[in-house]
Structures are given as structure tokens and as C-alpha cells.
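Before any comments, here is the structure.
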Amino acid sequence: MENKKVYLNGEYLPLSEAKVSVLDRGFLFGDGVYEVIPAYFGRLFCFDAHLERLNKSLQAVRIDLKLSAEQWLDILQPLLIQGDVQYIYLQISRGVASKRDHAFPENCTPTIFAMCSPITAFPKDVGVKAITLDDMRWELCNIKATTLLANILLRQQAVEKQCAEAILIKNGYATEGAASNVFAVINDVLVTPPKTDDILLGITRDVVIRLAKENNMQLKEEPISLGALQDATEIWMTSSMREILPVINLDNKPVGTGQIGEFCLSMQAYFQDYKRAVL
Ligand SMILES: Cc1ncc(COP(=O)(O)O)c(C=O)c1O
């Protein structure tokens, strides 16, 4: 096992020594929330936005933990390796209870775990295949909860079909990817599903929306029907790990020309410029 230093409940330990109790509610129930924060050349990207989302997730699942941005940075920054493209995985579970019971235990201290890993860059000049699958997740997909079994099963189905992502369809409309947000170019307009509890509000999604507006790309936040998705000239998935990933084949049919589209190439360039400007 790789033996890098990780953070667990106030200590920096070799990964092999970082242990949590089997009664931790994260282990027993997936009772926790998490964040994935990219870091480029030793600097965290969009940290404030990730922290704001983390605080919303904590509040939504009623885990009482309030640390300031400075306190979080003090915890996370020592994990970063200078000069590398990496991400911080940060997980907070409700903590260790004295017995297994669904209801919240009293006086439980949250378990805080963080580690830093390299981002394996997805080649951006190669489009990927995706499949559409029924979105059978729960009703609170706006919370970045560690309870990810549905997402895991969906992503695995995609992988088994040699696809990089599953695009999820709920009541005839696209919601998001199994671990990403979705954008489509429909009649020369960039469209992404609106803010609802059916999607996680991706930090990358937010950056893409801002960059589209700043660069006069027509953009709408509105529902995308399955039919509209199938007729789209471009489809992209966005996430912190994969940035802007073009989908060139959906359900074994080419998307548009079957090549990476002009809108995507422009947005990928805007995104790289933005990264350079803010870091
Ligand atoms: C379900 C889901 N939607 C969207 C995203 C994209 O979010 P972000 O851009 O903040 O990485 C993720 C990221 O893991 C995700 O798991």
C-alpha cells in the first residue's frame, strides 16, 4: 500500500496507520459527506466554493461541525505536494457511536479524514463514450453524501459497456452523470439542467456557466429531454477530476459529427486560461 501521510482526527499519519472504528457511522451506514478539491501546483482550486458546498452538505445531514476557512486550510495544506496536479479527498462522518442504531447517537464527535492523491489526467483531446441509464438514486442528490451505492452501480454499468460515464435520466429528462454534471449544445445554445435537488451543484459546472457568460456563449439552465440529448450536436461532462470531458458517442451513436465540437474546444481553452489566472 502507498504509505503517504493522511489526516485523521487531528493527526497526520502514514496511510497504513490511519484507522477508524468499525462502529464509525461512515463505515456502518455511509452516514457522512465529502468533498473533492483539485489542487494545481500546490494550490487549492475554487477552495471557497468547495467549502461553501461542504458546509451546506454538513448542515443538510445535520452534522454539527463548523470550522473556519483558515482552520480547514491549516488541516489540508500540509497534505499538498508542491508542483503536482492533485486532489484532496475530505470526508466527514457523523462519528463513532457506542452501538449500531439508525437514529443519531448523542454526543458523537465527527470523524474527519483527508488525503491527497494525484489526478490521473483524462486526455482532453479524445472524446469518450457514454450511456444513458435510469436515474434510480434518492431525492437529495444536491447533498455530497458518502452514501454512493447507486452512483457506483451506475458507473460500473457504464464501465462494463466500455463507457466513461453514465448520463442519468429521470422522468424523461437528463439530470447529471454518475459522478459529473452534463452540458449539451442544442441549436447552438449551451444547455445544462437547472439547479434542483436532482443534481449535485458541481463547482466545475459553476465555473463553466460563468465562463460561458463572460465569453458570450449563449447558455440556458433548463431541462434537457432524452430526445434533445440524443439530437444534441455536443455533449460534455464536467467534474473536478475530469474538468470538461467531451462525449462523442452516446448509446452507441455518434454525438453530432462524432468529433469533439467547437463549443467544447473553446470552453476547454477558457477553462485552462481561468485556471492559470486564479492560481
Ligand atoms: C453526482 C455528481 N455530480 C456532479 C459532480 C461534479 O462536481 P464537481 O464539479 O464539484 O467535481 C460530481 C463530482 O464528483 C458528482 O459526483
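Lettering and numbering for the C-alpha cells are positional, with chains as A, B, ... in the shown order, residues counted from 1 in each chain, and ligands counted from 1 in the shown order.
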DSSP helix (DSSP H, G or I) residues within range 39-195 of chain A, as a VMD selection string: chain A and resid 47 to 60 69 to 79 149 to 160
Val36 in chain A surroundings by only C-alpha atoms, 9 Å radius, close-in-sequence under 6 positions cut, as an MDAnalysis selection string: chainID A and resid 50 87:91 240:241
Based on the selection just made, write N, CA and C atoms of those residues as a PDB file, in the first residue's frame.
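Contents of again.pdb, freshly written:
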ATOM      1  N   HIS A  50     -15.856  25.136  -2.745  1.00  0.00           N
ATOM      2  CA  HIS A  50     -15.911  23.772  -2.200  1.00  0.00           C
ATOM      3  C   HIS A  50     -16.291  23.808  -0.722  1.00  0.00           C
ATOM      4  N   TYR A  87      -5.589  16.066  -5.986  1.00  0.00           N
ATOM      5  CA  TYR A  87      -6.858  16.459  -5.376  1.00  0.00           C
ATOM      6  C   TYR A  87      -6.858  16.030  -3.918  1.00  0.00           C
ATOM      7  N   ILE A  88      -7.593  16.820  -3.133  1.00  0.00           N
ATOM      8  CA  ILE A  88      -7.810  16.459  -1.739  1.00  0.00           C
ATOM      9  C   ILE A  88      -9.150  15.746  -1.659  1.00  0.00           C
ATOM     10  N   TYR A  89      -9.152  14.585  -1.044  1.00  0.00           N
ATOM     11  CA  TYR A  89     -10.410  13.920  -0.689  1.00  0.00           C
ATOM     12  C   TYR A  89     -10.634  14.198   0.790  1.00  0.00           C
ATOM     13  N   LEU A  90     -11.760  14.814   1.117  1.00  0.00           N
ATOM     14  CA  LEU A  90     -12.066  15.170   2.504  1.00  0.00           C
ATOM     15  C   LEU A  90     -13.411  14.545   2.862  1.00  0.00           C
ATOM     16  N   GLN A  91     -13.411  13.762   3.915  1.00  0.00           N
ATOM     17  CA  GLN A  91     -14.659  13.087   4.319  1.00  0.00           C
ATOM     18  C   GLN A  91     -14.927  13.353   5.797  1.00  0.00           C
ATOM     19  N   SER A 240     -14.553  18.026 -11.142  1.00  0.00           N
ATOM     20  CA  SER A 240     -13.233  18.459 -10.677  1.00  0.00           C
ATOM     21  C   SER A 240     -12.140  17.515 -11.172  1.00  0.00           C
ATOM     22  N   MET A 241     -12.456  16.238 -11.269  1.00  0.00           N
ATOM     23  CA  MET A 241     -11.436  15.254 -11.650  1.00  0.00           C
ATOM     24  C   MET A 241     -11.212  15.227 -13.161  1.00  0.00           C
TER      25      MET A 241
END
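Ranking A:Ile63, A:Leu229, A:Met237, A:Val85 by their shortest atom-to-atom distance to ligand 1, with only C-alpha atoms and all ligand atoms included, puts A:Met237 first.
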Surrounding residues as a list in words, ligand 1, max 8 Å, only C-alpha atoms and all ligand atoms: Glu35, Val36, Ile37, His50, Cys141, Lys144, Asn151, Glu176, Gly177, Ala178, Ala179, Ser180, Asn181, Ile199, Leu200, Leu201, Gly202, Ile203, Thr204, Arg205, Asp206, Thr238, Ser239, Ser240, Met241 and Glu243 of chain A
Export, as a compact mmCIF listing (two decimals), in the first residue's frame, the selected residues with N, CA and C atoms.
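Output below, filename selection23.txt:
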# COMPACT_ATOMS: atom_id res chain seq x y z
N GLU A 35 -15.93 15.98 0.12
CA GLU A 35 -15.59 16.94 -0.93
C GLU A 35 -14.38 16.41 -1.69
N VAL A 36 -14.29 16.79 -2.94
CA VAL A 36 -13.10 16.51 -3.74
C VAL A 36 -12.63 17.85 -4.27
N ILE A 37 -11.46 18.28 -3.81
CA ILE A 37 -10.98 19.63 -4.16
C ILE A 37 -9.70 19.49 -4.98
N HIS A 50 -15.86 25.14 -2.74
CA HIS A 50 -15.91 23.77 -2.20
C HIS A 50 -16.29 23.81 -0.72
N CYS A 141 -30.02 14.53 -4.17
CA CYS A 141 -28.73 14.42 -4.88
C CYS A 141 -27.92 15.71 -4.79
N LYS A 144 -23.62 16.23 -1.08
CA LYS A 144 -22.47 15.39 -1.48
C LYS A 144 -22.25 14.36 -0.37
N ASN A 151 -24.71 5.45 -7.31
CA ASN A 151 -23.76 6.00 -8.29
C ASN A 151 -22.73 4.96 -8.70
N GLU A 176 -27.79 14.35 -14.51
CA GLU A 176 -26.33 14.58 -14.47
C GLU A 176 -25.66 13.25 -14.77
N GLY A 177 -24.33 13.22 -14.66
CA GLY A 177 -23.61 11.96 -14.81
C GLY A 177 -23.54 11.25 -13.47
N ALA A 178 -23.07 10.01 -13.47
CA ALA A 178 -22.94 9.27 -12.21
C ALA A 178 -21.96 9.96 -11.27
N ALA A 179 -20.99 10.70 -11.82
CA ALA A 179 -20.07 11.49 -10.99
C ALA A 179 -19.65 12.75 -11.75
N SER A 180 -20.63 13.41 -12.36
CA SER A 180 -20.30 14.62 -13.14
C SER A 180 -21.60 15.34 -13.49
N ASN A 181 -21.48 16.58 -13.95
CA ASN A 181 -22.64 17.30 -14.48
C ASN A 181 -22.64 17.22 -15.99
N ILE A 199 -29.73 17.23 -8.75
CA ILE A 199 -28.32 17.24 -9.18
C ILE A 199 -27.43 17.78 -8.07
N LEU A 200 -26.17 17.37 -8.15
CA LEU A 200 -25.16 17.99 -7.29
C LEU A 200 -24.70 19.24 -8.04
N LEU A 201 -24.68 20.35 -7.32
CA LEU A 201 -24.23 21.59 -7.98
C LEU A 201 -22.72 21.57 -8.06
N GLY A 202 -22.23 21.10 -9.20
CA GLY A 202 -20.78 20.93 -9.38
C GLY A 202 -20.07 22.28 -9.37
N ILE A 203 -18.90 22.28 -8.79
CA ILE A 203 -18.09 23.51 -8.79
C ILE A 203 -17.60 23.77 -10.22
N THR A 204 -17.27 22.71 -10.95
CA THR A 204 -16.84 22.86 -12.34
C THR A 204 -18.01 23.39 -13.19
N ARG A 205 -19.22 22.89 -12.92
CA ARG A 205 -20.43 23.38 -13.61
C ARG A 205 -20.54 24.90 -13.44
N ASP A 206 -20.35 25.36 -12.21
CA ASP A 206 -20.45 26.80 -11.92
C ASP A 206 -19.42 27.60 -12.70
N THR A 238 -18.83 17.49 -16.85
CA THR A 238 -17.87 18.32 -16.11
C THR A 238 -17.72 17.81 -14.68
N SER A 239 -16.49 17.82 -14.20
CA SER A 239 -16.22 17.49 -12.80
C SER A 239 -14.81 17.95 -12.45
N SER A 240 -14.55 18.03 -11.14
CA SER A 240 -13.23 18.46 -10.68
C SER A 240 -12.14 17.51 -11.17
N MET A 241 -12.46 16.24 -11.27
CA MET A 241 -11.44 15.25 -11.65
C MET A 241 -11.21 15.23 -13.16
N GLU A 243 -12.50 17.73 -15.40
CA GLU A 243 -12.68 19.06 -16.00
C GLU A 243 -13.81 19.02 -17.04
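Closest to Gly127 in chain A among A:Glu234, A:Glu70, A:Asp251, A:Glu2 is A:Glu234, based on only C-alpha atoms.
The environment of Ala269 in chain A within 12 Å, counting only C-alpha atoms and disregarding residues fewer than 5 places along the same chain, consists of A:Lys124, A:Asp125, A:Val208, A:Leu211, A:Ala212, A:Asn215, A:Glu243, A:Ile244, A:Glu262, A:Phe263, A:Cys264, A:Tyr274, A:Lys275, A:Arg276.
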Test item: residues at most 7 Å from range 16-25 of chain A, only C-alpha atoms, excluding those fewer than 4 positions along its chain, as a PyMOL selection string: chain A and resi 3+8+29-31+93-97+99-100
For Leu58 in chain A: contacts at 10 Å, only C-alpha atoms, fewer than 5 positions along chain excluded, given as a ChimeraX atom specification: /A:32-34,52-53,63-66,92-94,143-145
Distance in Å - CA of Asn252 in chain A versus CA of Gln156 in chain A: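 Going from CA of Asn252 in chain A over to CA of Gln156 in chain A covers 17.1 Å.
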One-decimal distance in Å that lies between CA of Val278 in chain A and CA of Lys5 in chain A: 27.5 Å
Distance query Leu226 in chain A at most 8 Å, only C-alpha atoms, self and fewer than 6 positions along chain excluded, as a list in words: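 Result of the neighbour search: Ile169, Gly172, Tyr173 and Ala174 of chain A.
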Strand (DSSP E or B) per DSSP on the backbone: members of range 47-242 of chain A, as a PyMOL selection string: chain A and resi 85-93+96+111-118+128-134+145+165-170+173-177+180-186+189-192+219-221+224-225+234-239
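Nearest to Val191 in chain A of all the residues A:Thr109, A:Ser57, A:Ser225, A:Gln82 is A:Ser225, based on only C-alpha atoms.
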Straight-line distance linking CA of Ala158 in chain A with CA of Asp134 in chain A, stated in Å to one decimal: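 Straight-line distance from CA of Ala158 in chain A to CA of Asp134 in chain A works out to 11.9 Å.
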Closest of A:Arg43, A:Lys253, A:Arg242, A:Lys195 to Asn142 in chain A - atom-to-atom distances counting only C-alpha atoms: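 Of A:Arg43, A:Lys253, A:Arg242, A:Lys195, the one nearest Asn142 in chain A, counting only C-alpha atoms, is A:Lys195.
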A:Ser117, A:Thr146, A:Thr196, A:Thr233 ranked by distance to Leu54 in chain A, top pick (using only C-alpha atoms): A:Thr146
Among listed residues A:Leu51, A:Ile112, A:Ile260, A:Ile186, nearest Val247 in chain A (using only C-alpha atoms):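 Ranking A:Leu51, A:Ile112, A:Ile260, A:Ile186 by distance to Val247 in chain A, first place goes to A:Ile260.
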